[in-house]
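Colleague: I am attaching a structure below and will ask some questions about it afterwards.
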Amino acid sequence: MSDNKMGRREFLSYSAVLGAAGVVGLSSCSKKERITPLRQPGSYYVPELPDKAIDGKELKVGLVGCGGRGSGAIQNLLDAADGIKVVALGDVFQDRIADVKAMLDKRGQVVPDENCFVGFDAYKKVIDMVDMVILTTPPVFRPDQFKYAVEKGVHSFLEKPICVDPKGYRTCVAASKQAEAKGLCVVTGTQRHHQREYVEAYQKISEGLIGEITGGNVYWNQGMLWYRERQKGWSDMEWMIRDWVNWKWLSGDHIVEQHVHNIDVFLWMSGLKPTRAHAVGARHRRITGDQYDQFSVDFQFGNGVHCHSMCRQIDGCTTAVREEVHGTKGYWRSDKKEIYDLKGNVLWKYDEEAEKAEHTQNNPYVLEHVDWVNHIRKGEMHVEAEETAISCLAGVMGREAAYTGESVTWDEINASQIDYMPEKLEMGPMDMSKYTVQVPGKAK
């Protein structure tokens with residue numbers, strides 16, 4: 001849609017906002033309360049979200065990381081676009097490849113055995129064969145895989161998180177800039193950026209409906225996540241990778257692996273980057289691995305702006321998965337899909353019924369792939385990696401503040417030499433003494 005045209009739904013939604021604003025004294029008659037845009041139109045990206053990608057030349061895709069998320073992501077891509085051919089698979093485990101291969105067979109996507117690669121270097125063999133690659137291994141491996149894909153001129157889908165430590169962050173940012181220079185298309189698994197209710201809320205906040213940003217709250221509190229008990233015959237490395245979501249070197253801890261979604265939403269909506277983090281965290285219930293099972297972080301952004309970040313993975317506790325963004329004139333709550341003024345009056349509410357009536361595809365996990373393919377087929381450069389890397393490093397900053405008990409600044413974490421990648425990548429024994437639960441502060 002061109003900038004000077006407004007569709008029916010956009011017009012109705014905008015009219016509803018103006019009507020509600022008039023009720024609480026924000027009409028154009030009052031210069032004092034006139035809505036001032038947080039961002040100027042055309043200065044920020046809003047994705048087009050059609051139900052399916054445009055037709056075009058056949059695209060060859062490979063999948064690196066054939067676990068549950070990889071299996072889901074490749075199906076999301078096939079649902080998003082026609083003319084996609086899966087030509088290569090890679091993983092460190094043959095059984096994972098076999099599972100995805102069997103699933104693809106049922107969808108008429110037959111991947112030859114000779115195009116299925118096992119090992120820590122399998123990603124290179126896959127990337128060498130394709131136009132586009134889905135990277136869904138445990139996230140510690142994502143930076144090097146992304147870097148290689150960019151070097152080869154291959155479009156990438158990067159599942160979040162895309163880095164788990166400062167070294168990986170710097171690798172991703174450098175690769176992101178190279179991807180832009182090469183005109184590549186890189187979409188990340190922060191699917192809320194392609195979820196219609198979030199995108200419309202972002203537009204309303206950008207238009208100034210809640211005023212200047214003053215703070216927020218973000219939560220991902222849920223029950224215990226999955227884990228894998230060690231099986232006979234598994235080496236240290238195999239067990240850790242099969243149980244990857246519980247080991248900080250592989251996942252970044254759950255503040256980075258999962259809660260990054262919520263942190264990312266606040267950074268996206270506000271346009272701010274944290275300057276400092278104070279945090280507490282602990283481990284009470286986790287069964288395997290060396291991670292915490294709860295974090296509480298105070299992110300500071302300067303000018304008195306704070307965002308409280310909380311995440312927990314413990315059964316039998318109150319759950320909450322949502323984001324709030326507060327401003328000088330109102331606030332937004334993602335779970336309610338509403339924006340309120342400071343007195344609690346509804347200024348805007350997302351129209352779910354209109355979405356259902358106008359669209360047949362409302363799954364953001366599919367829509368992010370629609371956007372990816374559309375950019376590729378239109379020949380338009382689009383790279384989301386640096387923005388997502390910033391959100392990931394914010395999670396790392398909060399994690400390290402909790403692990404150490406010290407205040408951590410953005411500049412400190414950005415320059416940190418923390419590197420979670422083991423010196424040797426091979427199936428076999430590991431020095432397990434390195435993988436212990438962090439304890440903040442000092443003993444008496």
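Within each chain, counting starts at residue 1; across the structure tokens, chains are named A, B, ... in the order shown, with ligands numbered 1 upward in that order.
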What's around Thr190 of chain A at 9 Å? Count only C-alpha atoms, leave out sequence neighbours fewer than 6 positions away in its own chain, and write the answer as a PyMOL selection string.
Modeller: chain A and resi 159-161+260-261+264-265+368+388
Colleague: Determine which residues of segment 1-223 of chain A receive a DSSP assignment of strand (DSSP E), computed from the backbone, and state them as JSON, numbers by chain.
Modeller: {"A": [59, 60, 61, 62, 63, 64, 84, 85, 86, 87, 88, 89, 90, 91, 116, 117, 118, 132, 133, 134, 135, 155, 156, 157, 158, 185, 186, 187, 188, 213, 214, 215, 216, 217, 218, 219, 220, 221, 222]}
Colleague: Distance atom CA of Asn115 of chain A-atom CA of Asp144 of chain A, one decimal place?
Modeller: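 Value for the atom CA of Asn115 of chain A-atom CA of Asp144 of chain A distance: 21.0 Å.
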Colleague: Enumerate as a PyMOL selection string all residues of segment 62-237 of chain A assigned to alpha helix (DSSP H) by DSSP on the backbone, naming them with the chain letters and numbers the document uses.
Modeller: chain A and resi 68-80+94-106+122-127+142-151+166-182+196-206+236-237
Colleague: Got time to write the residues from that selection, C-alpha atoms, as a PDB file, in the first residue's frame?
Modeller:
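Generated output (again.pdb):
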ATOM      1  CA  GLY A  68      10.990 -29.386  17.039  1.00  0.00           C
ATOM      2  CA  ARG A  69      11.420 -25.738  16.105  1.00  0.00           C
ATOM      3  CA  GLY A  70      13.171 -26.612  12.855  1.00  0.00           C
ATOM      4  CA  SER A  71      10.407 -29.013  11.906  1.00  0.00           C
ATOM      5  CA  GLY A  72       7.837 -26.346  12.666  1.00  0.00           C
ATOM      6  CA  ALA A  73       9.687 -23.570  10.842  1.00  0.00           C
ATOM      7  CA  ILE A  74      10.097 -25.496   7.588  1.00  0.00           C
ATOM      8  CA  GLN A  75       6.374 -26.297   7.619  1.00  0.00           C
ATOM      9  CA  ASN A  76       5.592 -22.635   8.305  1.00  0.00           C
ATOM     10  CA  LEU A  77       7.615 -21.695   5.217  1.00  0.00           C
ATOM     11  CA  LEU A  78       5.814 -24.247   3.048  1.00  0.00           C
ATOM     12  CA  ASP A  79       2.473 -22.882   4.294  1.00  0.00           C
ATOM     13  CA  ALA A  80       3.611 -19.335   3.559  1.00  0.00           C
ATOM     14  CA  GLN A  94      20.843 -38.512  12.296  1.00  0.00           C
ATOM     15  CA  ASP A  95      17.563 -39.369  14.040  1.00  0.00           C
ATOM     16  CA  ARG A  96      16.494 -35.729  13.959  1.00  0.00           C
ATOM     17  CA  ILE A  97      17.133 -35.563  10.231  1.00  0.00           C
ATOM     18  CA  ALA A  98      15.177 -38.788   9.715  1.00  0.00           C
ATOM     19  CA  ASP A  99      12.161 -37.351  11.552  1.00  0.00           C
ATOM     20  CA  VAL A 100      12.079 -34.191   9.439  1.00  0.00           C
ATOM     21  CA  LYS A 101      12.755 -36.132   6.240  1.00  0.00           C
ATOM     22  CA  ALA A 102       9.757 -38.383   6.947  1.00  0.00           C
ATOM     23  CA  MET A 103       7.539 -35.358   7.675  1.00  0.00           C
ATOM     24  CA  LEU A 104       8.603 -33.680   4.438  1.00  0.00           C
ATOM     25  CA  ASP A 105       7.967 -36.870   2.445  1.00  0.00           C
ATOM     26  CA  LYS A 106       4.307 -36.632   3.459  1.00  0.00           C
ATOM     27  CA  ALA A 122      26.728 -29.716   8.366  1.00  0.00           C
ATOM     28  CA  TYR A 123      25.492 -26.123   8.107  1.00  0.00           C
ATOM     29  CA  LYS A 124      28.178 -25.288   5.548  1.00  0.00           C
ATOM     30  CA  LYS A 125      27.190 -28.183   3.292  1.00  0.00           C
ATOM     31  CA  VAL A 126      23.527 -27.172   3.462  1.00  0.00           C
ATOM     32  CA  ILE A 127      24.150 -23.468   2.864  1.00  0.00           C
ATOM     33  CA  ARG A 142      23.608 -19.170  15.260  1.00  0.00           C
ATOM     34  CA  PRO A 143      26.212 -16.381  14.870  1.00  0.00           C
ATOM     35  CA  ASP A 144      28.779 -18.478  12.990  1.00  0.00           C
ATOM     36  CA  GLN A 145      26.084 -20.070  10.836  1.00  0.00           C
ATOM     37  CA  PHE A 146      24.606 -16.675   9.987  1.00  0.00           C
ATOM     38  CA  LYS A 147      28.050 -15.293   9.186  1.00  0.00           C
ATOM     39  CA  TYR A 148      28.695 -18.160   6.760  1.00  0.00           C
ATOM     40  CA  ALA A 149      25.297 -17.737   5.080  1.00  0.00           C
ATOM     41  CA  VAL A 150      26.002 -14.051   4.484  1.00  0.00           C
ATOM     42  CA  GLU A 151      29.435 -14.833   3.067  1.00  0.00           C
ATOM     43  CA  PRO A 166      28.689 -10.702  23.675  1.00  0.00           C
ATOM     44  CA  LYS A 167      31.047 -12.345  21.198  1.00  0.00           C
ATOM     45  CA  GLY A 168      28.097 -13.839  19.320  1.00  0.00           C
ATOM     46  CA  TYR A 169      26.352 -10.459  19.430  1.00  0.00           C
ATOM     47  CA  ARG A 170      29.272  -8.737  17.742  1.00  0.00           C
ATOM     48  CA  THR A 171      29.448 -11.494  15.106  1.00  0.00           C
ATOM     49  CA  CYS A 172      25.742 -11.087  14.335  1.00  0.00           C
ATOM     50  CA  VAL A 173      25.921  -7.304  14.093  1.00  0.00           C
ATOM     51  CA  ALA A 174      28.888  -7.482  11.709  1.00  0.00           C
ATOM     52  CA  ALA A 175      27.155 -10.132   9.578  1.00  0.00           C
ATOM     53  CA  SER A 176      23.962  -8.069   9.589  1.00  0.00           C
ATOM     54  CA  LYS A 177      25.760  -5.063   8.131  1.00  0.00           C
ATOM     55  CA  GLN A 178      27.338  -7.288   5.481  1.00  0.00           C
ATOM     56  CA  ALA A 179      23.913  -8.727   4.649  1.00  0.00           C
ATOM     57  CA  GLU A 180      22.579  -5.210   4.103  1.00  0.00           C
ATOM     58  CA  ALA A 181      25.513  -4.375   1.846  1.00  0.00           C
ATOM     59  CA  LYS A 182      24.789  -7.505  -0.208  1.00  0.00           C
ATOM     60  CA  ARG A 196      -1.139  -8.236  13.261  1.00  0.00           C
ATOM     61  CA  GLU A 197      -2.356  -7.097  16.685  1.00  0.00           C
ATOM     62  CA  TYR A 198       1.214  -6.189  17.723  1.00  0.00           C
ATOM     63  CA  VAL A 199       1.956  -4.436  14.451  1.00  0.00           C
ATOM     64  CA  GLU A 200      -1.180  -2.308  14.734  1.00  0.00           C
ATOM     65  CA  ALA A 201      -0.379  -1.457  18.373  1.00  0.00           C
ATOM     66  CA  TYR A 202       3.115  -0.435  17.249  1.00  0.00           C
ATOM     67  CA  GLN A 203       1.572   1.880  14.676  1.00  0.00           C
ATOM     68  CA  LYS A 204      -0.700   3.496  17.270  1.00  0.00           C
ATOM     69  CA  ILE A 205       2.174   4.013  19.700  1.00  0.00           C
ATOM     70  CA  SER A 206       4.276   5.451  16.870  1.00  0.00           C
ATOM     71  CA  ASP A 236      28.513 -35.337  27.772  1.00  0.00           C
ATOM     72  CA  MET A 237      28.199 -33.357  24.565  1.00  0.00           C
TER      73      MET A 237
END
Colleague: Between A:Arg286, A:Lys434, A:Arg192, A:His306, single out the one closest to Ser334 of chain A, counting only C-alpha atoms.
Modeller: A:Arg192
Colleague: Excluding same-chain residues fewer than 4 positions from Gly56 of chain A, what lies within 9 Å of it counting only C-alpha atoms, as a CSV table (one decimal) with N, CA and C atoms, in the first residue's frame?
Modeller:
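Below you can see part.csv, which holds the result:
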chain,number,residue,atom,x,y,z
A,82,ASP,N,4.2,-20.8,-2.2
A,82,ASP,CA,4.3,-21.8,-3.2
A,82,ASP,C,5.7,-21.7,-3.9
A,83,GLY,N,6.1,-22.7,-4.6
A,83,GLY,CA,7.4,-22.6,-5.3
A,83,GLY,C,8.6,-22.7,-4.4
A,377,ARG,N,11.5,-12.3,-3.3
A,377,ARG,CA,11.0,-12.3,-4.7
A,377,ARG,C,10.9,-10.9,-5.3
A,378,LYS,N,10.7,-9.9,-4.4
A,378,LYS,CA,10.7,-8.5,-4.9
A,378,LYS,C,12.1,-8.0,-5.1
Colleague: Residues of segment 45-112 of chain A within 10 Å of segment 344-360 of chain A: nearest atom pair and distance (Å, one decimal) for each, counting only C-alpha atoms, sorted by chain and number, as JSON lines?
Modeller:
{"residue": "A:Leu49", "atom": "CA", "partner": "A:His359", "partner_atom": "CA", "distance": 9.5}
{"residue": "A:Pro50", "atom": "CA", "partner": "A:His359", "partner_atom": "CA", "distance": 7.8}
{"residue": "A:Asp51", "atom": "CA", "partner": "A:Thr360", "partner_atom": "CA", "distance": 6.3}
{"residue": "A:Lys52", "atom": "CA", "partner": "A:Thr360", "partner_atom": "CA", "distance": 9.2}
Colleague: Nearest residue to Glu323 of chain A out of A:Trp372, A:Phe120, A:Phe93, A:Trp220, using only C-alpha atoms?
Modeller: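 The shortest atom-to-atom distance to Glu323 of chain A comes from A:Trp220.
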Colleague: Near Ile263 of chain A, counting only C-alpha atoms, which residues have an atom at most 12 Å away, once you skip same-chain residues fewer than 2 positions from it, shown as an NGL selection string?
Modeller: :A and (161 or 190 or 192 or 216-220 or 255-261 or 265-274 or 297-299 or 307-311 or 321-325 or 387-398)
Colleague: At what distance in Å, to one decimal, does atom CA of Thr328 of chain A lie from atom CA of Ile213 of chain A?
Modeller: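 That distance, rounded to one decimal, is 6.6 Å.
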Colleague: Kindly give the distance, in Å, that separates atom CA of Pro429 of chain A and atom CA of Val140 of chain A, rounded to a single decimal.
Modeller: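 Separation between atom CA of Pro429 of chain A and atom CA of Val140 of chain A: 18.7 Å.
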Colleague: From the options A:Phe141, A:Met240, A:Gly233, A:His193, which residue's atoms come nearest to Asp431 of chain A, counting only C-alpha atoms?
Modeller: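 Comparing A:Phe141, A:Met240, A:Gly233, A:His193 against Asp431 of chain A, the winner is A:Met240.
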Colleague: A:His155, A:Arg399, A:His194, A:Arg242: which is nearest Pro364 of chain A, counting only C-alpha atoms?
Modeller: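 For Pro364 of chain A, the nearest of the candidates is A:His194.
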Colleague: Which residue out of A:Tyr340, A:Tyr45, A:Trp332, A:Trp239 has the minimum interatomic distance to Gly289 of chain A when only C-alpha atoms are used?
Modeller: A:Trp239
